[in-house]
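These notes are about the structure you will find just below.
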Amino acid sequence: MSVETNKINDDQLNRPLLEVKGLRIEGLSEKGWEEIVCGVDLQLKRGEILGLIGESGAGKSTIGLASMGYARDGCRITAGEIIFDGINLRTASENEKRKLRGTRISYVAQSAAAAFNPAHRLLDQFAEGPVDHGVMSRREAKKQGRALYRSLDLPDPENIGERWPHQVSGGQLQRMMVAMAMSCGPDLIVFDEPTTALDFTTQIEVLKTIKEIVTDRNVAAIYITHDLAVVAQLADQLMVLRYGNLVEVNNTGQILESPKADYTRALLDARTRQEKTTAEIENLESLLSIDSVTAGYGKGQDVLQEVSFSVERGRTVAVVGESGSGKSTLARVITGLLPPRSGEIRFQEELLPAALAQRTKQHLRKTQMIYQLPDVALNPRQRVRDIVGRPLSFYLGLSGKERERRIIELLEQIELSEKYINRLPDELSGGEKQRVCIARALAAEPELIICDEVTSALDTIVAKAILDLLQRLQHELQLTYLFISHDLDTVASIADQVVVLYAGRVAEQGSKSAVFQPPFHPYTRLLLSSVPEMKQGWLEQTLATREAKAGIAREVKITESGCPFVERCPEAIPELCVKDRPPLQTPASGHFFACQHSPKELA
Amino acid sequence: MSNFFKIFSSAPWSAKFGMLTILAYAIISIFAPFIAPYGETEILGRAYEVWSDKYLLGTDNLGRDMLSRLIYGARNTIGLALTITLIAFVLGSLTGMIAAALGGWVDQLLSRIVDVLMSIPSLIFALLILSIFGTAMPYLIGTIAILDATRVFRLARATAMNVAVMDYVEVARLRGEKLGWVIRKEILPNITAPLLAEFGLRFCFVFLFISALSFLGLGIQPPTADWGSMVRDNATLISFEDITPLLPAGAIALLTIAMNFVVDWMLHKSSGLKDVS
């Protein structure tokens, strides 16, 4: 195996593998070439992980790619030196660099789903690099692939490579990509936000893989992310970047304990959980009630099974679960996009027609939705005025000056000013786009806003600002939120009530304080334990827990009988849990979960 | 008007050339009776006269002035091709977007009708229809427009499908917007770029199709001048090293190139969302 070539002598060990000095990169914008990386130095030795942190636009990915001697289209490296193991990548010819990339330096992209070619089997794609570079024959490459799959603990390592990319889960695909990056036994791997698009439980399995690879094989790595808590688990050194400038560089422990720059402190604060205290509301009235709703797509199995809960006016109810648990399907049922197979939805005590087409304009006005990806939730050809103004004229019949005045009022409410009114979505940042989406929802003067993972696609600091905004609006306008999320940290800071969904069934529900305190449902405990904490060594501690050993790296499976969580549950009772539906346990009034164990046993 | 000049001067040379050429064609077609030295169908001299001061580009197989017929031909051919392409686009893109937006049985029905139409070779289909109903202008326009609309339908449906799954279209649906709004405001602005590009191409194909039909005697009926049949009627001259029959072909080629230059530039402009002032 080519990993053998990693044997090195002492002299090499002390010399940095990668050295970047005074790196300056310019990007092409409307105004011409502008500097996007303004003089950055970095050093990296074998066996070390360097974390690059910052918001989008900080230049992290650009630096990551530049350390492979590569500049994206519309970017150019203008100054500085990039020396990889004695080779100056700025002066090296395209051919020399091509030989290095994929063999000695490799790259792991953010979205594995987009990086794999859906038309080829996984193992064939794995073999492509080594064969193309002439490092090994196809047969050897495939053998090497299976060996790597085994060492990365992928299920069924002998045969998983024969599958197509869509046949494995997101976390597995990301790990396959790590394996692919390892195919030629590289010295340096650049990880570009490899876990950002994943659930927390899946994130842990990928982090574990990356950590093992780097320590076992003595490679160097650059890990790019916006999430300080994640990188704290891996990196030895951290570089905090902002607008292409170096804000702070230090070893991880120092940065976590005594950050020097204000910006680093802001990053740390954004990740610190702030528990929301539930305000007392007199005369709680039910705004939305969902009564044993069962739903599914086409002729497929039920994706939601007898889900019931209610949302009270002025409260925030969070629906949590991993991907595949049915959260988004629930939103589609409530909005009428997917009529349920059975069950009822009542809004203000009134039965809501199941299908969208039967609902009146008033029904539709009262429920508004905010989406996960603001990029695709805004029509790129409409200006902010039209986007926010349409619900005003459509539902409320406003026009002319009155409409204009209201649009500006709404923009101010979401902390954007009048000058944004003529912009196209392309001219807004991610956070600004999400604010416009919120303004559009508010324009309809709704009673209920469904927030579908509204902060998952945003940077930590921006996400926090959006959550604060939502809280403020709720306070000012007595809004009710149904908040769908996989992030228990976010949920803790915004929710009053929590509904934990697993495989289309309610696993646990109750007030936030009840759900987030023992006794836990085993699934809630797994979810809670997988939220990254801002301290070093968290990853190892978590991996050592029983929940993680049993529950990480498994997919959500919908079952017809028994408890769907049984395969991942450390508390599972053999036979009983597989056969019988779990009964409802009620540890306190208003709090219950579905489990064979009594609250006392789980406390 | 000053705005127009501003846009014009900011265009690259290729687009400027294209726009000027199209403008010239438009002027020639509109003012044909004033520009042409002789009438469209006037028989003036012997057949196949060479280029001279009297007949600048010689005469055709019946002794009509070639230049005059070229000028009148612009009027007939461009007018016809433009009408047909426009009808085809309105019809094709509208049905395509409806199919994409509604899906289900509407999509199935429309798509299968289009499949049936496309499965018959278009020339044979046109021959069939035109020999049943006769070669009057409305039938000619209708037949070619419907045939062309099937191609536009395919493109519009495919591109609109990609847009229809976007969250912003879902937002409009959840708001309770009618189909017309969804198509006009949410989908159409996002698929204009590929449709425009297709327009440039389709326009040229329509030209060729009309010529082919004229060749078979089912297109524009004599003595009306059109470029396609002019090539055919005078093709024999080629063997005598006379390039005259290539002139109508050249006129078609020039317009095609000009058209595509302008379309390319419009595409470029519309893809760069930021420089819309």
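Each chain in the structure tokens gets a letter, A, B, ..., in the order shown, and its residues are numbered from 1; ligands are numbered from 1 in order too.
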
Exercise. Check every residue of chain A for an atom within 9 Å of chain B, counting only C-alpha atoms, and provide those that qualify as a ChimeraX atom specification.
Key: /A:30,335-337,356-357,359-361,364-365,367-371,373-382,391,394-395,424,426-427,444

Practice problem: Could you give me the residues within stretch 100-187 of chain A that DSSP places in alpha helix (DSSP H), as a ChimeraX atom specification? | Solution: /A:100,112-115,122-132,138-151,170-181

Residues at most 7 Å from stretch 105-117 of chain A, counting only C-alpha atoms, excluding those fewer than 3 positions away in the same chain, as a CSV table (one decimal) with C-alpha atoms, in the first residue's frame?
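Printed below is around-v5.csv as written:
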chain,number,residue,atom,x,y,z
A,68,MET,CA,-3.0,23.2,-3.5
A,100,LEU,CA,0.7,16.5,-7.0
A,101,ARG,CA,-3.0,16.9,-6.8
A,102,GLY,CA,-4.9,13.8,-6.1
A,120,HIS,CA,-20.6,5.5,-11.7
A,165,PRO,CA,-23.8,7.1,-4.8
A,173,LEU,CA,-21.0,9.2,1.3
A,174,GLN,CA,-19.0,11.8,3.0
A,177,MET,CA,-15.1,10.8,-0.1
A,178,VAL,CA,-12.6,10.9,2.7
A,181,ALA,CA,-9.0,11.5,-0.9
A,186,PRO,CA,-1.6,11.9,0.3
A,187,ASP,CA,0.6,14.0,2.6
A,188,LEU,CA,-1.9,16.8,2.8
A,189,ILE,CA,-5.7,16.8,2.8
A,190,VAL,CA,-7.8,19.9,2.5
A,191,PHE,CA,-11.3,19.4,4.1
A,192,ASP,CA,-13.7,22.1,3.0
A,193,GLU,CA,-16.7,22.2,5.4
A,194,PRO,CA,-17.1,18.4,5.1
A,195,THR,CA,-19.8,18.1,7.8
A,196,THR,CA,-21.8,21.4,7.3
A,197,ALA,CA,-24.6,19.8,5.4

Give me the residues near A:Asn250 as a PDB file with N, CA and C atoms, in the first residue's frame, where near means some atom within 9 Å (using only C-alpha atoms) and where sequence neighbours in that chain fewer than 4 positions away do not count.
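And here is the file that came out, selection-v8.pdb:
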ATOM      1  N   ASP A 236      -5.215  21.227  15.839  1.00  0.00           N
ATOM      2  CA  ASP A 236      -4.185  21.574  16.797  1.00  0.00           C
ATOM      3  C   ASP A 236      -4.027  23.083  16.830  1.00  0.00           C
ATOM      4  N   GLN A 237      -4.102  23.675  15.630  1.00  0.00           N
ATOM      5  CA  GLN A 237      -3.946  25.110  15.485  1.00  0.00           C
ATOM      6  C   GLN A 237      -5.224  25.678  14.889  1.00  0.00           C
ATOM      7  N   LEU A 238      -5.579  26.882  15.298  1.00  0.00           N
ATOM      8  CA  LEU A 238      -6.745  27.521  14.698  1.00  0.00           C
ATOM      9  C   LEU A 238      -6.343  28.860  14.103  1.00  0.00           C
ATOM     10  N   MET A 239      -6.888  29.131  12.919  1.00  0.00           N
ATOM     11  CA  MET A 239      -6.709  30.445  12.314  1.00  0.00           C
ATOM     12  C   MET A 239      -8.084  31.048  12.149  1.00  0.00           C
ATOM     13  N   VAL A 240      -8.296  32.199  12.752  1.00  0.00           N
ATOM     14  CA  VAL A 240      -9.585  32.864  12.601  1.00  0.00           C
ATOM     15  C   VAL A 240      -9.429  33.918  11.513  1.00  0.00           C
ATOM     16  N   GLN A 254      -5.777  27.521  23.561  1.00  0.00           N
ATOM     17  CA  GLN A 254      -5.638  28.944  23.873  1.00  0.00           C
ATOM     18  C   GLN A 254      -6.813  29.754  23.343  1.00  0.00           C
ATOM     19  N   ILE A 255      -7.195  29.439  22.111  1.00  0.00           N
ATOM     20  CA  ILE A 255      -8.275  30.215  21.494  1.00  0.00           C
ATOM     21  C   ILE A 255      -9.582  29.993  22.247  1.00  0.00           C
TER      22      ILE A 255
END

Practice problem: Using atom CA of A:Arg505 and atom CA of A:Ser325 as the two end points, give the distance in Å to one decimal. | Solution: 7.9 Å

Exercise. Do a neighbour search on A:Asn88 at 10 Å with only C-alpha atoms, toss out local chain neighbours closer than 6 positions, and write the hits as a PyMOL selection string.
Key: chain A and resi 18-20+69+81-82+97

Practice problem: Skip stretch 86-100 of chain B itself and residues of its chain fewer than 2 positions away, then list as a ChimeraX atom specification all residues within 8 Å of it, counting only C-alpha atoms. | Solution: /B:82-84,102-103,106-108,110-111,145-158,160-161,164,179,183,187-188,199

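For the residues B:Ala136, B:Met19, B:Ala36, B:Met230, ranking by smallest atom-to-atom distance to B:Thr256 using only C-alpha atoms places B:Met19 first.
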
Exercise. Any chance you could list, as a list in words, the residues in stretch 52-151 of chain A that come up strand (DSSP E or B) when DSSP is run on the backbone?
Key: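 Reading the DSSP output for stretch 52-151 of chain A, strand (DSSP E or B) covers Leu52, Ile53, Cys75, Arg76, Ile77, Thr78, Ala79, Gly80, Glu81, Ile82, Ile83, Phe84, Ile87, Asn88, Arg101, Ile105, Ser106, Tyr107 and Val108 of chain A.
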
Quiz item: Which residues come within 10 Å of B:Ser122, counting only C-alpha atoms, excluding same-chain residues fewer than 5 positions away, as a PyMOL selection string?
Solution: chain B and resi 117+127-128+143-144+147-148+209

Selected residues written out with N, CA and C atoms, as a CSV table (one decimal), in the first residue's frame:
chain,number,residue,atom,x,y,z
B,117,LEU,N,-47.0,14.1,-32.5
B,117,LEU,CA,-46.6,15.1,-33.5
B,117,LEU,C,-45.2,14.9,-33.9
B,127,LEU,N,-46.6,18.0,-45.6
B,127,LEU,CA,-47.1,17.7,-46.9
B,127,LEU,C,-48.6,17.2,-46.8
B,128,LEU,N,-48.8,16.3,-45.8
B,128,LEU,CA,-50.1,15.8,-45.6
B,128,LEU,C,-51.2,16.8,-45.4
B,143,THR,N,-49.6,25.2,-39.9
B,143,THR,CA,-48.9,23.9,-39.9
B,143,THR,C,-47.5,24.0,-39.4
B,144,ILE,N,-46.7,24.9,-40.0
B,144,ILE,CA,-45.3,25.0,-39.5
B,144,ILE,C,-45.2,25.5,-38.1
B,147,LEU,N,-45.9,22.5,-35.8
B,147,LEU,CA,-44.7,21.6,-35.8
B,147,LEU,C,-43.6,22.1,-35.0
B,148,ASP,N,-43.3,23.4,-35.2
B,148,ASP,CA,-42.2,24.0,-34.5
B,148,ASP,C,-42.5,24.2,-33.0
B,209,PHE,N,-37.3,25.4,-43.6
B,209,PHE,CA,-38.5,24.6,-43.8
B,209,PHE,C,-39.4,25.2,-44.9

Exercise. Would you mind telling me which residue in A:Ile222, A:Ile387, A:Ala594, A:Cys577 lies nearest to A:Ile63 when using only C-alpha atoms?
Key: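 Of the candidates, the smallest distance to A:Ile63 is held by A:Ile222.
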
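Atom CA of A:Lys535 to atom CA of A:Thr215 spans 19.3 Å [interatomic distance, one decimal].
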
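Among the candidates A:Gly170, A:Gly129, A:Gly504, A:Pro157, the one nearest to A:Val319 when counting only C-alpha atoms is A:Gly504.
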